[in-house]
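Visitor: Please see the structure below; I have some questions.
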Amino acid sequence: MSGIRIRLKERDAIIQSLKSGVTPKIGIQHIQVGRVNEIKALYQDIERIVDGGAGFRLIIGEYGSGKTFFLSVVRSIALEKKLVTISADLSPDRRIHATGGQARNLYSELMKNLSTRNKPDGNALLSVVERFITEARKEAQSTNSSVPAIIHQKLAALSDMVGGYDFAKVIECYWQGHEQDNETLKSNAIRWLRGEYTTKTDARNDLGVRTIISDASFYDSLKLMSLFVRQAGYAGLLVNLDEMVNLYKLSNTQARIANYEQILRILNDCLQGTAEHIGFLLGGTPEFLFDPRKGLYSYEALQSRLAENSFAQRAGVIDYSSPSLHLASLTPEELYILLKNLRHVYASGEADNYLVPDEALTAFLRHCSNTIGDAYFRTPRNTIKAFLDMLAVLEQNPSIQWSQLVAGIAVTEEKPSDMDELSSADDTDADGLADFRL
């Protein structure tokens with residue numbers, strides 16, 4: 001490892017993100033440890049998507065156990081395999097099923113974060129559309145056809161799907177804007193593709209289409225996008241949805257069940273082979289899955305599909321082909337390697353600049369173990385933050401010895417967010433009793 005120099009931009013991004021408890025957007029390869037079997041299983045999922053199949057996985061782990069980090073690692077593998085990735089966190093105003101615009105909000109957020117290998121930081125929708133136009137133009141030249149004819153031909157498969165006709169028409173509008181140097185037409189087409197139109201009237205006036213991407217067409221629009229990115233020369237689409245626990249926190253029973261039905265529809269499509277070149281990764285906590293009253297297990301059809309493999313349970317092993325993948329805890333040894341990686345990143349890859357020796361790492365982990373027990377490696381987020389805080393103090397105060405600091409470091413156990421249940425005022429068809437509390 002000592003041979004790897006780390007760019008200042010990557011070093012700062014990694015350290016600042018981890019100190020504030022969030023996953024770094026870049027440089028994750030410098031700190032990734034463990035979870036080899038889980039990554040192998042998801043690598044196979046990605047291969048299946050590239051080959052025309054579909055994937056569906058629930059990534060289940062405790063708060064602070066590294067779910068979001070794991071999703072980022074898988075996302076970077078997908079980008080390397082020429083997939084387009086889209087990702088978003090669910091929140092009170094972003095859900096996969098709604099009647100008040102929350103599903104459209106989620107779609108818009110996904111499109112904003114659309115990434116490709118050349119643009120891994122998001123906002124890549126425009127370049128995907130441009131690439132599609134370029135491919136169509138090349139094909140038109142080589143076959144002596146007109147570009148609109150090639151566009152129609154390439155998007156013919158979309159027209160059979162829900163909303164596909166208008167999707168194809170919007171791409172054609174973008175091409176017309178491209179030819180006529182009409183920036184307004186081009187930006188309207190991108191707005192439509194991002195799900196930013198709120199009324200059909202505006203869309204009809206601006207683009208001549210009769211539909212918009214709405215709450216009702218959330219999943220169908222994702223399937224259209226997966227076919228479109230294929231036509232633009234990519235291998236498929238990977239959809240990353242994190243913070244699924246926000247669905248579990250919905251206090252309105254009908255709103256919650258409607259979201260779970262949408263998950264069931266996606267799961268069925270992916271497992272039965274109806275969906276193509278698309279994969280879904282859903283990150284959630286154990287209660288989101290297991291809670292018999294409000295979790296996915298409260299919905300019988302999902303429980304039967306997501307139930308643990310009883311043979312694997314009896315044998316004491318993990319079935320990595322199951323739709324729900326439970327992230328194994330990092331072992332104390334893996335956490336030790338992680339701290340070594342962090343020390344290396346902090347020193348920008350220069351072994352001579354290490355702020356602490358190896359025995360400091362061991363002493364630090366021993367202190368964490370004595371303070372919060374096993375939680376220090378089961379949910380490593382706070383352990384990592386405390387370690388980086390210690391390095392920051394040593395960097396700024398070279399006269400202080402690490403041994404003086406270790407014993408005084410406060411490490412707290414990771415606790416779930418105590419956010420209240422979300423009431424769902426938009427679902428006006430609720431029976432009114434769902435929100436009743438004694």
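Residues in the structure tokens are numbered from 1 in each chain, the chains being A, B, ... in the order shown, and ligands are numbered from 1 in the order shown.
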As a PyMOL selection string, please: the residues near Asn246 of chain A (cut-off 7 Å, only C-alpha atoms, same-chain neighbours under 6 positions excluded).
Guide: chain A and resi 90-92
Visitor: Any chance you could list, as an MDAnalysis selection string, the residues in segment 61-190 of chain A that come up strand (DSSP E) when DSSP is run on the backbone?
Guide: chainID A and resid 84:89
Visitor: Show me a table, sorted first by chain and then by increasing residue number, of the residues of segment 15-122 of chain A having an atom at most 8 Å from segment 176-200 of chain A, each with its shortest atom pair and the distance in Å to one decimal, counting only C-alpha atoms and written as CSV.
Guide:
residue,atom,partner,partner_atom,distance
A:Arg104,CA,A:Gly195,CA,6.4
A:Asn105,CA,A:Gly195,CA,7.8
A:Tyr107,CA,A:Gly195,CA,6.5
A:Ser108,CA,A:Arg194,CA,5.2
A:Met111,CA,A:Arg194,CA,5.5
A:Lys112,CA,A:Arg194,CA,7.2
Visitor: Show which residues sit within 9 Å of Thr412 of chain A, as a list in words. Count only C-alpha atoms, and ignore same-chain residues fewer than 3 positions away.
Guide: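 So the residues in contact are Cys368, Thr371, Ile372, Tyr376, Asn382, Thr383 and Lys415 of chain A.
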Visitor: Could you write those residues out with N, CA and C atoms, as an mmCIF file, in the first residue's frame?
Guide:
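So the final result, stored in again.cif, reads:
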data_model
loop_
_atom_site.group_PDB
_atom_site.id
_atom_site.type_symbol
_atom_site.label_atom_id
_atom_site.label_comp_id
_atom_site.auth_asym_id
_atom_site.auth_seq_id
_atom_site.Cartn_x
_atom_site.Cartn_y
_atom_site.Cartn_z
ATOM 1 N N CYS A 368 -11.805 1.267 22.329
ATOM 2 C CA CYS A 368 -13.188 1.226 21.804
ATOM 3 C C CYS A 368 -13.918 0.001 22.337
ATOM 4 N N THR A 371 -14.927 0.488 25.817
ATOM 5 C CA THR A 371 -15.931 1.555 26.013
ATOM 6 C C THR A 371 -17.316 1.124 25.548
ATOM 7 N N ILE A 372 -17.413 0.593 24.322
ATOM 8 C CA ILE A 372 -18.756 0.278 23.794
ATOM 9 C C ILE A 372 -18.923 -1.187 23.383
ATOM 10 N N TYR A 376 -18.216 -1.490 18.369
ATOM 11 C CA TYR A 376 -17.180 -0.717 17.659
ATOM 12 C C TYR A 376 -16.861 -1.310 16.295
ATOM 13 N N ASN A 382 -18.968 5.510 14.101
ATOM 14 C CA ASN A 382 -18.471 6.378 15.177
ATOM 15 C C ASN A 382 -17.016 6.090 15.531
ATOM 16 N N THR A 383 -16.615 4.826 15.400
ATOM 17 C CA THR A 383 -15.211 4.460 15.647
ATOM 18 C C THR A 383 -14.302 5.209 14.673
ATOM 19 N N LYS A 415 -26.646 4.947 17.416
ATOM 20 C CA LYS A 415 -28.072 4.778 17.744
ATOM 21 C C LYS A 415 -28.911 5.119 16.513
#
Visitor: Residues of segment 155-237 of chain A that have any atom at most 12 Å from an atom of segment 266-269 of chain A: could you tabulate them with the shortest-distance atom pair and the distance in Å to one decimal, using only C-alpha atoms, ordered by chain and increasing number, as a Markdown table?
Guide:
| residue | atom | partner | partner_atom | distance |
| --- | --- | --- | --- | --- |
| A:Phe218 | CA | A:Ile266 | CA | 11.1 |
| A:Tyr219 | CA | A:Ile266 | CA | 7.8 |
| A:Asp220 | CA | A:Ile266 | CA | 10.0 |
| A:Leu222 | CA | A:Ile266 | CA | 10.7 |
| A:Lys223 | CA | A:Ile266 | CA | 10.2 |
Visitor: Can you spit out the residues from that selection as a CSV table (one decimal), in the first residue's frame, using C-alpha atoms?
Guide:
chain,number,residue,atom,x,y,z
A,218,PHE,CA,-42.4,6.2,-11.7
A,219,TYR,CA,-41.4,2.6,-12.2
A,220,ASP,CA,-42.4,2.5,-15.9
A,222,LEU,CA,-37.2,3.8,-15.0
A,223,LYS,CA,-37.8,0.8,-17.3
Visitor: Find the residues around Thr134 of chain A up to 12 Å (only C-alpha atoms counted), leave out those fewer than 4 positions away in its own chain, and share them as a ChimeraX atom specification.
Guide: /A:127-130,138-141,147,150-151,175,178,231-233
Visitor: How would the residues just picked look written out with N, CA and C atoms as a PDB file, in the first residue's frame?
Guide:
ATOM      1  N   SER A 127     -25.366  14.266 -21.104  1.00  0.00           N
ATOM      2  CA  SER A 127     -24.331  13.615 -21.925  1.00  0.00           C
ATOM      3  C   SER A 127     -24.803  12.252 -22.446  1.00  0.00           C
ATOM      4  N   VAL A 128     -25.709  11.587 -21.724  1.00  0.00           N
ATOM      5  CA  VAL A 128     -26.262  10.313 -22.231  1.00  0.00           C
ATOM      6  C   VAL A 128     -27.139  10.581 -23.462  1.00  0.00           C
ATOM      7  N   VAL A 129     -27.971  11.639 -23.382  1.00  0.00           N
ATOM      8  CA  VAL A 129     -28.828  11.987 -24.523  1.00  0.00           C
ATOM      9  C   VAL A 129     -27.956  12.399 -25.717  1.00  0.00           C
ATOM     10  N   GLU A 130     -26.916  13.198 -25.447  1.00  0.00           N
ATOM     11  CA  GLU A 130     -25.991  13.620 -26.517  1.00  0.00           C
ATOM     12  C   GLU A 130     -25.325  12.407 -27.168  1.00  0.00           C
ATOM     13  N   LYS A 138     -24.117   8.760 -36.442  1.00  0.00           N
ATOM     14  CA  LYS A 138     -23.113   7.874 -37.061  1.00  0.00           C
ATOM     15  C   LYS A 138     -23.789   6.795 -37.887  1.00  0.00           C
ATOM     16  N   GLU A 139     -24.835   6.192 -37.286  1.00  0.00           N
ATOM     17  CA  GLU A 139     -25.541   5.100 -37.969  1.00  0.00           C
ATOM     18  C   GLU A 139     -26.225   5.605 -39.240  1.00  0.00           C
ATOM     19  N   ALA A 140     -26.795   6.814 -39.157  1.00  0.00           N
ATOM     20  CA  ALA A 140     -27.482   7.398 -40.317  1.00  0.00           C
ATOM     21  C   ALA A 140     -26.484   7.609 -41.464  1.00  0.00           C
ATOM     22  N   GLN A 141     -25.286   8.077 -41.120  1.00  0.00           N
ATOM     23  CA  GLN A 141     -24.272   8.304 -42.156  1.00  0.00           C
ATOM     24  C   GLN A 141     -23.829   6.989 -42.800  1.00  0.00           C
ATOM     25  N   VAL A 147     -31.449  10.909 -39.941  1.00  0.00           N
ATOM     26  CA  VAL A 147     -31.271  10.740 -38.495  1.00  0.00           C
ATOM     27  C   VAL A 147     -32.613  10.468 -37.794  1.00  0.00           C
ATOM     28  N   ILE A 150     -33.480   6.834 -38.024  1.00  0.00           N
ATOM     29  CA  ILE A 150     -32.666   5.980 -37.137  1.00  0.00           C
ATOM     30  C   ILE A 150     -33.140   6.117 -35.682  1.00  0.00           C
ATOM     31  N   ILE A 151     -33.464   7.379 -35.297  1.00  0.00           N
ATOM     32  CA  ILE A 151     -33.962   7.589 -33.927  1.00  0.00           C
ATOM     33  C   ILE A 151     -35.234   6.773 -33.707  1.00  0.00           C
ATOM     34  N   TRP A 175     -33.403  16.276 -30.524  1.00  0.00           N
ATOM     35  CA  TRP A 175     -32.649  16.239 -31.799  1.00  0.00           C
ATOM     36  C   TRP A 175     -32.975  17.463 -32.668  1.00  0.00           C
ATOM     37  N   HIS A 178     -31.312  20.390 -31.325  1.00  0.00           N
ATOM     38  CA  HIS A 178     -29.889  20.225 -31.638  1.00  0.00           C
ATOM     39  C   HIS A 178     -29.607  20.751 -33.052  1.00  0.00           C
ATOM     40  N   GLN A 231     -29.674   1.908 -25.741  1.00  0.00           N
ATOM     41  CA  GLN A 231     -29.609   2.418 -27.114  1.00  0.00           C
ATOM     42  C   GLN A 231     -28.521   3.496 -27.256  1.00  0.00           C
ATOM     43  N   ALA A 232     -28.157   4.108 -26.129  1.00  0.00           N
ATOM     44  CA  ALA A 232     -27.095   5.132 -26.174  1.00  0.00           C
ATOM     45  C   ALA A 232     -25.712   4.494 -26.049  1.00  0.00           C
ATOM     46  N   GLY A 233     -25.674   3.163 -25.948  1.00  0.00           N
ATOM     47  CA  GLY A 233     -24.375   2.478 -25.938  1.00  0.00           C
ATOM     48  C   GLY A 233     -23.874   2.056 -24.573  1.00  0.00           C
TER      49      GLY A 233
END
Visitor: Can you pull out the residues contacting segment 153-163 of chain A? Cut-off 12 Å, using only C-alpha atoms, and skip same-chain residues under 2 positions away; I want them as a PyMOL selection string.
Guide: chain A and resi 132-133+135-137+139-140+145-151+165-172+193+209-214+216-233+275
Visitor: Check which residues of segment 374-399 of chain A sit at most 8 Å from segment 63-71 of chain A using only C-alpha atoms, and return one row each with the closest pair of atoms and their distance in Å to one decimal, ordered by chain and rising number, as a tab-separated table.
Guide:
residue	atom	partner	partner_atom	distance
A:Arg378	CA	A:Ser65	CA	6.0
A:Thr379	CA	A:Ser65	CA	4.0
A:Pro380	CA	A:Ser65	CA	5.9
A:Arg381	CA	A:Gly64	CA	5.0
A:Asn382	CA	A:Gly64	CA	7.5
Visitor: Kindly give the distance, in Å, that separates atom CA of Gly55 of chain A and atom CA of Asn259 of chain A, rounded to a single decimal.
Guide: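 So the answer is 19.0 Å.
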Visitor: May I ask for the distance between atom CA of Arg265 of chain A and atom CA of Ala301 of chain A, given in Å to one decimal place?
Guide: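 Interatomic distance here is 10.4 Å.
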